[in-house]
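Engineer: Input: one structure, supplied below.
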Amino acid sequence: MTMTAPIVSFRLPSELNSFVGRRHEIAEVKRLLSEARLVTLVGVGGVGKTRLALRVGYDLRRSFHDGVWLVELAALESAELLVQTVMESLEIQDRSVRPSIEVLIDHLHDKHLLLILDNCEHLLDRCARMAETLMRTVPGLRILATSRQSLGVAGEQTMPVPTLPMPDSNGSRPSTESLKQFDAIRLFAERAQAVLPGFEVTEANQEVVARICHRLDGIPLAIELAAVRLRAISVEQLLTRLDDRFRLLTMGARTAMPRQQTLRALIDWSYGLCTDQERLLWARLSVFSGGLDLEAAEQVCSGDGILTDEVVDLVVGLVGKSVLAREEHETTVRYRLLETIRQYGRERLRESGEEAELKARHRDWCHDLVSRAQREWFGPHQVAWFMRLHNEHSNLRTALDYCLTTPGEAERGLAIATALRFYWIAAASLREGRTWLDRLLSAGAEPTPARAGALCLDARLAVLQSDFAPAAEMLDECHSLSTKLGDAGILAGAAYVSGLAALIQRDFTGAVTFLGAAVEGHREAGEDMGMVNALMYLATAHSLLGHSDQAEAQYKECLALCEAREDHWFRSYTLWVYGIELWRQGDTAGAVEMEREAIRLKRPFDDRLGIALCIEALAWMAVDGAAERAAVLFGASQESWRSFGAPLLSYLSGYHDASEARARERLGGRAFETGFRKGTELIPDEAIAYAMCESVQVAEPAREAASPLTRRELEIAQLVAQGMTNKAIASTLVIAQRTAEGHVEHILNKLGFNSRAQIAAWVGEREQPLPGRSP
């Protein structure tokens with residue numbers, strides 16, 4: 001394989017329209033980030049803090065070895081889920097029971113990355129405490145936050161985000177070309193062209209355009225909201241209406257800051273330009289968090305003044321008025337209210353007296369959604385349902401919070417949380433699922449089927465985190481309650497969880513007993529999904545006991561059931577464990593194909609745990625025929641386990657230990673460590689491609705064991721080899737120039753060199769390709 005520059009991860013949304021101006025601010029934020037580890041962009045809503053942060057993040061994506069990551073907080077209403085939300089944004093699939101902040105710190109401790117925390121103002125105290133903890137414990141971390149006020153953390157650099165530059169209203173009249181260089185004018189012109197193709201700032205209209213931008217105080221959101229009016233009126237008419245509306249602000253108490261009044265007045269105007277039905281829909285849409293699709297709008301917002309078949313035209317109208325932002329999501333379209341506009345809509349909803357009713361409708365919609373997802377999970381639409389629930393995660397949180405905080409709603413909350421059982425697992429949200437279930441179970445103790453089902457799921461999630469003591473207590477209550485209720489389905493589910501716990505704790509005989517009871521219980525109840533889930537692990541327990549014939553027959557039955565239902569999730573896990581059984585029987589080629597097919601099925605879910613399990617199995621299978629390849633796969637697998645905050649499943653650890661020992665023996669300790677280290681340097685996509693024998697270019701590991709340089713020094717040595725000056729290195733890595741100079745001096749001293757050319761030659765000599773593909 002060929003060595004290339006490192007692949008850098010960054011998780012930033014695509015810009016839906018052009019980014020205008022802000023060159024000075026971008027440069028200033030970069031400068032501040034080179035000197036401080038926490039920079040907070042502050043300013044009024046609509047001033048462009050988020051867009052500025054995203055642009056800086058995009059520009060710096062190659063300066064941070066471990067990427068730039070965005071954490072969107074606007075839709076997060078529960079402060080308790082802050083760290084969990086950060087972990088989800090960083091794609092940390094934590095399966096431990098350790099405190100979330102400890103897992104987050106462990107994941108970040110050796111990383112060099114930029115974390116963008118967007119919209120911190122409503123979670124200010126929690127954000128401040130988290131940022132302070134991370135700054136203290138993660139030396140390679142930089143945080144760029146946006147908020148309406150500073151976080152108040154020691155070492156924080158605060159940068160007020162100004163409004164866009166405009167020409168001086170009292171100065172001499174600039175030329176048309178000079179006027180176009182002002183960011184506010186450029187933004188207005190570009191947004192106007194989007195709704196009125198051919199629009200230009202000319203000699204004839206330049207003064208009016210300049211006055212419009214002045215009237216809007218250069219606030220980007222205000223300019224964008226105003227420019228869309230040119231679809232229906234002229235710039236002269238726009239200015240007249242702005243003058244009329246904003247003149248009203250001088251007639252009463254001015255308790256708000258002028259720029260806040262300007263934005264409020266403009267949103268008032270946008271609201272006034274809407275039809276009565278559009279205003280009603282705007283207010284009702286504010287109950288959604290993190291966006292919605294047309295179906296959701298129709299179900300929640302229709303009725304009492306809006307017919308269902310009228311919703312689509314009203315949505316089109318709100319998109320046209322820039323109230324709703326349209327977002328492409330693969331095969332569907334979603335809509336999002338900008339947070340400032342959503343807050344305005346929520347105020348109007350409260351004033352209307354409909355807030356309680358709309359929140360209840362939103363809860364009902366979420367309940368209906370997850371109920372349908374549960375019914376159809378074991379079937380051909382499984383991947384689509386996973387993506388749908390993933391898109392609605394913020395809305396589901398809002399509904400669960402409503403159930404938790406509204407008297408008499410805990411039962412409904414338990415139903416919603418329990419219907420999400422496979423989503424919590426597939427989305428690697430075990431901790432969050434348990435949190436909701438624990439809180440909802442504590443909120444009500446009625447002996448109902450909903451409680452029994454919630455106890456069973458809570459115990460299951462605890463077992464998957466190897467938290468066996470509380471799981472046993474919940475299973476006892478679940479079994480007692482289900483027996484009284486005569487609910488055979490939940491009793492079978494409890495038997496499954498007991499069997500899974502026995503399997504993980506290496507009690508294979510006990511696992512066979514419990515899982516066998518679960519299979520028969522689900523079979524009698526006609527629950528194919530529960531049956532195939534239990535049957536898969538029953539076969540695994542038989543395999544570990546050496547009952548190969550029984551295990552193979554049960555694996556084949558699982559696959560037949562999955563294929564008949566066009567299932568992906570259970571089929572992928574069955575192929576994983578069935579592949580291990582084939583490998584034990586000596587059919588390595590068939591086993592490898594099963595593991596790779598399992599990875600292909602897991603990719604749409606981004607099931608990194610399942611993929612890591614398959615990569616681990618492929619490492620075992622490569623030992624005898626391609627030991628060097630096995631070493632790389634072992635390294636890639638270890639890096640995955642570290643990111644989960646949990647070790648390899650205990651019941652498979654014997655295979656791991658024996659296979660690794662055999663690979664070390666075949667290669668020798670030094671060669672094994674070299675391959676292993678190369679595996680640890682692979683990012684997830686590279687590791688998957690390597691495991692699948694797909695064509696891929698990967699970066700060399702940052703440091704060989706014998707290298708005298710630190711990881712940072714190696715990074716700088718590579719930039720020196722590219723011919724960069726100290727100033728260019730400082731800019732690339734977002735560090736002070738004197739820091740870069742110090743690093744280069746240390747590199748020269750450590751290597752015994754006296755020139756940058758010698759550093760470049762040394763870097764070139766270290767380039768070694770990864771081991772080739774196995775035959």
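Residue numbering restarts at 1 for every chain of the structure tokens, chains are lettered A, B, ... in their displayed order, and ligands are numbered from 1 as they appear.
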Can you tell me which residues surround segment 327-337 of chain A at a distance of at most 7 Å, considering only C-alpha atoms, apart from same-chain residues fewer than 5 positions away, and format the answer as a VMD selection string?
Structural biologist: chain A and resid 290 to 293 342
Engineer: What's the 12 Å shell around segment 210-212 of chain A, counting only C-alpha atoms, without same-chain residues fewer than 3 positions away, as a ChimeraX atom specification?
Structural biologist: /A:165-170,173-176,178-189,201-207,215-219,222-227,234-243,246,262,266
Engineer: Using only C-alpha atoms, pick whichever of A:Ala488, A:Leu307, A:Val323, A:Val623 has the shortest atom-to-atom distance to Trp269 of chain A.
Structural biologist: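 When distances to Trp269 of chain A are compared using only C-alpha atoms, the smallest one comes from A:Val323.
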Engineer: Write out as a PDB file with all heavy atoms, in the first residue's frame the residues lying within 10 Å of Gln299 of chain A, counting only C-alpha atoms and excluding same-chain residues fewer than 6 positions away.
Structural biologist:
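The resulting around.pdb:
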```pdb
ATOM      1  N   THR A 308     -54.774  18.735   6.836  1.00  0.00           N
ATOM      2  CA  THR A 308     -53.565  17.955   6.574  1.00  0.00           C
ATOM      3  C   THR A 308     -53.015  18.217   5.182  1.00  0.00           C
ATOM      4  O   THR A 308     -51.793  18.383   5.004  1.00  0.00           O
ATOM      5  CB  THR A 308     -53.855  16.459   6.738  1.00  0.00           C
ATOM      6  OG1 THR A 308     -54.319  16.216   8.067  1.00  0.00           O
ATOM      7  CG2 THR A 308     -52.609  15.622   6.479  1.00  0.00           C
ATOM      8  N   VAL A 311     -50.777  21.399   4.637  1.00  0.00           N
ATOM      9  CA  VAL A 311     -49.482  21.569   5.295  1.00  0.00           C
ATOM     10  C   VAL A 311     -48.355  21.730   4.290  1.00  0.00           C
ATOM     11  O   VAL A 311     -47.473  22.579   4.456  1.00  0.00           O
ATOM     12  CB  VAL A 311     -49.205  20.382   6.243  1.00  0.00           C
ATOM     13  CG1 VAL A 311     -47.767  20.440   6.774  1.00  0.00           C
ATOM     14  CG2 VAL A 311     -50.181  20.393   7.405  1.00  0.00           C
ATOM     15  N   ARG A 361     -49.310  16.392  21.366  1.00  0.00           N
ATOM     16  CA  ARG A 361     -49.352  15.851  19.996  1.00  0.00           C
ATOM     17  C   ARG A 361     -47.965  15.371  19.573  1.00  0.00           C
ATOM     18  O   ARG A 361     -47.822  14.331  18.926  1.00  0.00           O
ATOM     19  CB  ARG A 361     -49.828  16.929  19.021  1.00  0.00           C
ATOM     20  CG  ARG A 361     -51.301  17.242  19.067  1.00  0.00           C
ATOM     21  CD  ARG A 361     -51.631  18.045  17.811  1.00  0.00           C
ATOM     22  NE  ARG A 361     -52.768  18.923  17.988  1.00  0.00           N
ATOM     23  CZ  ARG A 361     -53.174  19.809  17.080  1.00  0.00           C
ATOM     24  NH1 ARG A 361     -52.485  19.933  15.944  1.00  0.00           N
ATOM     25  NH2 ARG A 361     -54.219  20.559  17.292  1.00  0.00           N
ATOM     26  N   HIS A 362     -46.957  16.160  19.912  1.00  0.00           N
ATOM     27  CA  HIS A 362     -45.584  15.792  19.574  1.00  0.00           C
ATOM     28  C   HIS A 362     -45.210  14.474  20.250  1.00  0.00           C
ATOM     29  O   HIS A 362     -44.606  13.586  19.633  1.00  0.00           O
ATOM     30  CB  HIS A 362     -44.624  16.909  19.996  1.00  0.00           C
ATOM     31  CG  HIS A 362     -43.185  16.637  19.716  1.00  0.00           C
ATOM     32  ND1 HIS A 362     -42.344  16.050  20.643  1.00  0.00           N
ATOM     33  CD2 HIS A 362     -42.426  16.852  18.607  1.00  0.00           C
ATOM     34  CE1 HIS A 362     -41.135  15.932  20.125  1.00  0.00           C
ATOM     35  NE2 HIS A 362     -41.155  16.406  18.887  1.00  0.00           N
ATOM     36  N   ASP A 364     -47.323  12.123  21.147  1.00  0.00           N
ATOM     37  CA  ASP A 364     -48.081  11.067  20.474  1.00  0.00           C
ATOM     38  C   ASP A 364     -47.425  10.671  19.150  1.00  0.00           C
ATOM     39  O   ASP A 364     -47.375   9.486  18.794  1.00  0.00           O
ATOM     40  CB  ASP A 364     -49.521  11.530  20.215  1.00  0.00           C
ATOM     41  CG  ASP A 364     -50.328  11.636  21.491  1.00  0.00           C
ATOM     42  OD1 ASP A 364     -49.913  11.068  22.516  1.00  0.00           O
ATOM     43  OD2 ASP A 364     -51.385  12.310  21.471  1.00  0.00           O
ATOM     44  N   TRP A 365     -46.936  11.672  18.433  1.00  0.00           N
ATOM     45  CA  TRP A 365     -46.266  11.382  17.157  1.00  0.00           C
ATOM     46  C   TRP A 365     -45.012  10.550  17.391  1.00  0.00           C
ATOM     47  O   TRP A 365     -44.756   9.571  16.673  1.00  0.00           O
ATOM     48  CB  TRP A 365     -45.914  12.687  16.445  1.00  0.00           C
ATOM     49  CG  TRP A 365     -45.015  12.486  15.282  1.00  0.00           C
ATOM     50  CD1 TRP A 365     -45.342  11.974  14.064  1.00  0.00           C
ATOM     51  CD2 TRP A 365     -43.608  12.772  15.229  1.00  0.00           C
ATOM     52  NE1 TRP A 365     -44.231  11.915  13.256  1.00  0.00           N
ATOM     53  CE2 TRP A 365     -43.157  12.396  13.937  1.00  0.00           C
ATOM     54  CE3 TRP A 365     -42.701  13.306  16.129  1.00  0.00           C
ATOM     55  CZ2 TRP A 365     -41.826  12.544  13.561  1.00  0.00           C
ATOM     56  CZ3 TRP A 365     -41.379  13.453  15.752  1.00  0.00           C
ATOM     57  CH2 TRP A 365     -40.953  13.072  14.470  1.00  0.00           C
TER      58      TRP A 365
END
```
Engineer: Applying 10 Å and only C-alpha atoms, which residues near Arg434 of chain A remain after dropping the ones on its own chain fewer than 2 positions away? List them as a ChimeraX atom specification.
Structural biologist: /A:417,424,429-432,436-440,454-455,457-462
Engineer: Restricting it to N, CA and C atoms, dump the selection as a short mmCIF file (atom, residue, chain, number, x, y, z; two decimals), in the first residue's frame.
Structural biologist:
```cif
data_model
loop_
_atom_site.label_atom_id
_atom_site.label_comp_id
_atom_site.auth_asym_id
_atom_site.auth_seq_id
_atom_site.Cartn_x
_atom_site.Cartn_y
_atom_site.Cartn_z
N ALA A 417 -39.57 4.63 25.50
CA ALA A 417 -38.18 4.21 25.73
C ALA A 417 -38.00 2.72 25.44
N TRP A 424 -31.54 1.83 20.78
CA TRP A 424 -30.51 2.15 21.79
C TRP A 424 -29.26 1.32 21.55
N SER A 429 -26.20 3.70 22.14
CA SER A 429 -26.69 4.63 23.16
C SER A 429 -27.15 3.89 24.40
N LEU A 430 -26.38 2.89 24.83
CA LEU A 430 -26.76 2.10 25.99
C LEU A 430 -26.91 2.97 27.23
N ARG A 431 -25.97 3.86 27.44
CA ARG A 431 -25.99 4.71 28.63
C ARG A 431 -27.23 5.61 28.62
N GLU A 432 -27.52 6.23 27.47
CA GLU A 432 -28.67 7.11 27.42
C GLU A 432 -29.97 6.33 27.61
N TRP A 436 -32.77 7.13 30.67
CA TRP A 436 -34.21 7.41 30.54
C TRP A 436 -35.02 6.35 31.27
N LEU A 437 -34.68 5.08 31.10
CA LEU A 437 -35.44 4.01 31.74
C LEU A 437 -35.36 4.10 33.26
N ASP A 438 -34.18 4.35 33.80
CA ASP A 438 -34.03 4.48 35.26
C ASP A 438 -34.89 5.62 35.79
N ARG A 439 -34.85 6.75 35.12
CA ARG A 439 -35.61 7.92 35.60
C ARG A 439 -37.11 7.69 35.49
N LEU A 440 -37.54 7.09 34.39
CA LEU A 440 -38.97 6.86 34.20
C LEU A 440 -39.48 5.77 35.15
N ALA A 454 -40.05 -2.44 30.50
CA ALA A 454 -38.96 -1.49 30.73
C ALA A 454 -37.89 -2.08 31.62
N LEU A 455 -38.31 -2.84 32.66
CA LEU A 455 -37.33 -3.49 33.53
C LEU A 455 -36.48 -4.49 32.75
N LEU A 457 -35.78 -4.45 29.50
CA LEU A 457 -34.85 -3.74 28.61
C LEU A 457 -33.74 -3.09 29.41
N ASP A 458 -34.07 -2.47 30.54
CA ASP A 458 -33.06 -1.82 31.36
C ASP A 458 -32.01 -2.84 31.79
N ALA A 459 -32.47 -4.04 32.20
CA ALA A 459 -31.53 -5.10 32.58
C ALA A 459 -30.68 -5.53 31.40
N ARG A 460 -31.29 -5.60 30.22
CA ARG A 460 -30.55 -6.00 29.02
C ARG A 460 -29.43 -5.01 28.71
N LEU A 461 -29.74 -3.73 28.77
CA LEU A 461 -28.72 -2.71 28.49
C LEU A 461 -27.62 -2.76 29.54
N ALA A 462 -28.01 -3.03 30.81
CA ALA A 462 -27.01 -3.13 31.87
C ALA A 462 -26.08 -4.32 31.61
#
```
Engineer: Got a sec: who's within 9 Å of Gly305 of chain A, counting only C-alpha atoms, leaving out chain neighbours fewer than 3 positions off, as a PyMOL selection string?
Structural biologist: chain A and resi 277+280+302
Engineer: Quick one: write out the picked residues with N, CA, C and O atoms as a PDB file, in the first residue's frame?
Structural biologist:
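This is the output file again09.pdb:
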```pdb
ATOM      1  N   GLN A 277     -52.488  31.095   8.478  1.00  0.00           N
ATOM      2  CA  GLN A 277     -52.155  29.675   8.591  1.00  0.00           C
ATOM      3  C   GLN A 277     -50.648  29.454   8.691  1.00  0.00           C
ATOM      4  O   GLN A 277     -50.196  28.574   9.437  1.00  0.00           O
ATOM      5  N   LEU A 280     -49.627  30.185  12.192  1.00  0.00           N
ATOM      6  CA  LEU A 280     -50.041  29.096  13.067  1.00  0.00           C
ATOM      7  C   LEU A 280     -49.090  27.910  12.937  1.00  0.00           C
ATOM      8  O   LEU A 280     -48.679  27.314  13.939  1.00  0.00           O
ATOM      9  N   SER A 302     -51.348  19.679  11.955  1.00  0.00           N
ATOM     10  CA  SER A 302     -52.625  19.879  11.272  1.00  0.00           C
ATOM     11  C   SER A 302     -53.770  19.839  12.286  1.00  0.00           C
ATOM     12  O   SER A 302     -53.599  19.418  13.426  1.00  0.00           O
TER      13      SER A 302
END
```
Engineer: Which distance in Å separates atom CA of Leu338 of chain A and atom CA of Gly152 of chain A, to one decimal?
Structural biologist: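 Atom CA of Gly152 of chain A lies 25.9 Å from atom CA of Leu338 of chain A.
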Engineer: Got a sec: who's within 12 Å of Asp624 of chain A, counting only C-alpha atoms, leaving out chain neighbours fewer than 6 positions off, as a compact mmCIF listing (two decimals) with all heavy atoms, in the first residue's frame?
Structural biologist:
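Written output follows (part19.txt):
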```txt
# COMPACT_ATOMS: atom_id res chain seq x y z
N TRP A 583 -14.38 -21.22 11.24
CA TRP A 583 -12.92 -21.12 11.40
C TRP A 583 -12.42 -22.21 12.36
O TRP A 583 -11.40 -22.86 12.10
CB TRP A 583 -12.57 -19.73 11.90
CG TRP A 583 -11.17 -19.57 12.42
CD1 TRP A 583 -10.01 -19.62 11.70
CD2 TRP A 583 -10.80 -19.31 13.78
NE1 TRP A 583 -8.93 -19.41 12.53
CE2 TRP A 583 -9.38 -19.22 13.80
CE3 TRP A 583 -11.50 -19.14 14.96
CZ2 TRP A 583 -8.68 -18.97 14.99
CZ3 TRP A 583 -10.80 -18.89 16.14
CH2 TRP A 583 -9.41 -18.81 16.14
N GLY A 586 -11.99 -25.38 10.64
CA GLY A 586 -10.95 -25.43 9.62
C GLY A 586 -11.32 -24.81 8.28
O GLY A 586 -10.48 -24.77 7.37
N THR A 588 -11.37 -21.81 6.88
CA THR A 588 -10.97 -20.41 7.05
C THR A 588 -11.48 -19.53 5.92
O THR A 588 -11.94 -18.40 6.16
CB THR A 588 -9.43 -20.31 7.14
OG1 THR A 588 -8.98 -21.09 8.23
CG2 THR A 588 -8.99 -18.86 7.35
N LEU A 618 -11.24 -11.61 12.01
CA LEU A 618 -10.40 -11.71 10.82
C LEU A 618 -8.92 -11.78 11.19
O LEU A 618 -8.11 -12.41 10.49
CB LEU A 618 -10.67 -10.54 9.88
CG LEU A 618 -12.00 -10.60 9.11
CD1 LEU A 618 -12.29 -9.26 8.44
CD2 LEU A 618 -11.96 -11.72 8.07
N ALA A 630 -2.29 -10.23 10.24
CA ALA A 630 -3.00 -10.44 11.50
C ALA A 630 -2.55 -9.41 12.54
O ALA A 630 -3.37 -8.87 13.29
CB ALA A 630 -2.75 -11.85 12.01
N ALA A 631 -1.25 -9.11 12.58
CA ALA A 631 -0.74 -8.14 13.55
C ALA A 631 -1.36 -6.77 13.33
O ALA A 631 -1.74 -6.07 14.28
CB ALA A 631 0.79 -8.05 13.45
N SER A 659 -4.66 -16.67 19.64
CA SER A 659 -4.30 -16.23 18.28
C SER A 659 -3.17 -15.21 18.32
O SER A 659 -2.25 -15.26 17.49
CB SER A 659 -5.53 -15.64 17.58
OG SER A 659 -6.53 -16.62 17.43
N GLU A 660 -3.22 -14.29 19.26
CA GLU A 660 -2.16 -13.28 19.35
C GLU A 660 -0.84 -13.94 19.70
O GLU A 660 0.22 -13.59 19.14
CB GLU A 660 -2.52 -12.21 20.38
CG GLU A 660 -1.46 -11.12 20.46
CD GLU A 660 -1.81 -10.01 21.43
OE1 GLU A 660 -3.02 -9.65 21.51
OE2 GLU A 660 -0.89 -9.48 22.08
N ALA A 661 -0.87 -14.88 20.62
CA ALA A 661 0.37 -15.57 21.00
C ALA A 661 0.96 -16.31 19.80
O ALA A 661 2.19 -16.30 19.59
CB ALA A 661 0.08 -16.54 22.15
N ARG A 662 0.11 -16.93 19.00
CA ARG A 662 0.60 -17.66 17.82
C ARG A 662 1.17 -16.69 16.79
O ARG A 662 2.19 -16.99 16.14
CB ARG A 662 -0.55 -18.49 17.22
CG ARG A 662 -0.05 -19.58 16.28
CD ARG A 662 -1.06 -20.68 16.07
NE ARG A 662 -2.24 -20.25 15.33
CZ ARG A 662 -3.43 -20.06 15.88
NH1 ARG A 662 -3.59 -20.25 17.20
NH2 ARG A 662 -4.46 -19.68 15.17
N ALA A 663 0.54 -15.51 16.62
CA ALA A 663 1.05 -14.53 15.66
C ALA A 663 2.42 -14.01 16.11
O ALA A 663 3.34 -13.82 15.30
CB ALA A 663 0.06 -13.37 15.52
N ARG A 664 2.58 -13.76 17.40
CA ARG A 664 3.87 -13.30 17.92
C ARG A 664 4.94 -14.36 17.69
O ARG A 664 6.09 -14.05 17.35
CB ARG A 664 3.76 -12.99 19.41
CG ARG A 664 3.01 -11.72 19.74
CD ARG A 664 2.96 -11.48 21.26
NE ARG A 664 2.21 -10.29 21.58
CZ ARG A 664 2.73 -9.06 21.61
NH1 ARG A 664 4.02 -8.90 21.31
NH2 ARG A 664 1.99 -8.02 21.91
N GLU A 665 4.57 -15.61 17.90
CA GLU A 665 5.53 -16.68 17.71
C GLU A 665 5.95 -16.79 16.25
O GLU A 665 7.14 -16.98 15.95
CB GLU A 665 4.89 -18.00 18.17
CG GLU A 665 5.81 -19.20 18.05
CD GLU A 665 5.13 -20.48 18.48
OE1 GLU A 665 4.02 -20.40 19.07
OE2 GLU A 665 5.69 -21.56 18.23
N ARG A 666 5.01 -16.64 15.33
CA ARG A 666 5.32 -16.77 13.90
C ARG A 666 6.17 -15.60 13.40
O ARG A 666 7.07 -15.79 12.58
CB ARG A 666 4.03 -16.86 13.09
CG ARG A 666 3.31 -18.19 13.23
CD ARG A 666 2.02 -18.21 12.42
NE ARG A 666 1.40 -19.52 12.47
CZ ARG A 666 1.73 -20.55 11.71
NH1 ARG A 666 2.70 -20.43 10.82
NH2 ARG A 666 1.11 -21.71 11.83
N LEU A 667 5.88 -14.39 13.88
CA LEU A 667 6.55 -13.19 13.36
C LEU A 667 7.80 -12.82 14.14
O LEU A 667 8.72 -12.19 13.60
CB LEU A 667 5.59 -12.00 13.39
CG LEU A 667 4.47 -11.95 12.36
CD1 LEU A 667 3.55 -10.77 12.63
CD2 LEU A 667 5.06 -11.84 10.96
N SER A 774 -3.27 -10.19 1.95
CA SER A 774 -3.06 -11.64 1.97
C SER A 774 -3.56 -12.23 0.66
O SER A 774 -4.41 -11.65 0.00
CB SER A 774 -3.84 -12.25 3.14
OG SER A 774 -5.22 -11.99 3.00
```
Engineer: Rank A:Ala192, A:Leu481, A:Ala419, A:Met87 by their smallest atom-to-atom distance to Glu102 of chain A, using only C-alpha atoms, and report the top residue only.
Structural biologist: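 Counting only C-alpha atoms, the residue closest to Glu102 of chain A is A:Met87.
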Engineer: Pull the helix (DSSP H, G or I) assignments for segment 622-746 of chain A out of DSSP run on the backbone, and list those residues as a ChimeraX atom specification.
Structural biologist: /A:622,627-644,650-667,669-680,684-691,711-721,726-733,737-746
Engineer: So, with only C-alpha atoms as the atoms that count, which of A:Phe64, A:Trp282, A:Phe676, A:Trp377 lies closest to Leu318 of chain A?
Structural biologist: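 Nearest candidate to Leu318 of chain A out of A:Phe64, A:Trp282, A:Phe676, A:Trp377: A:Trp282.
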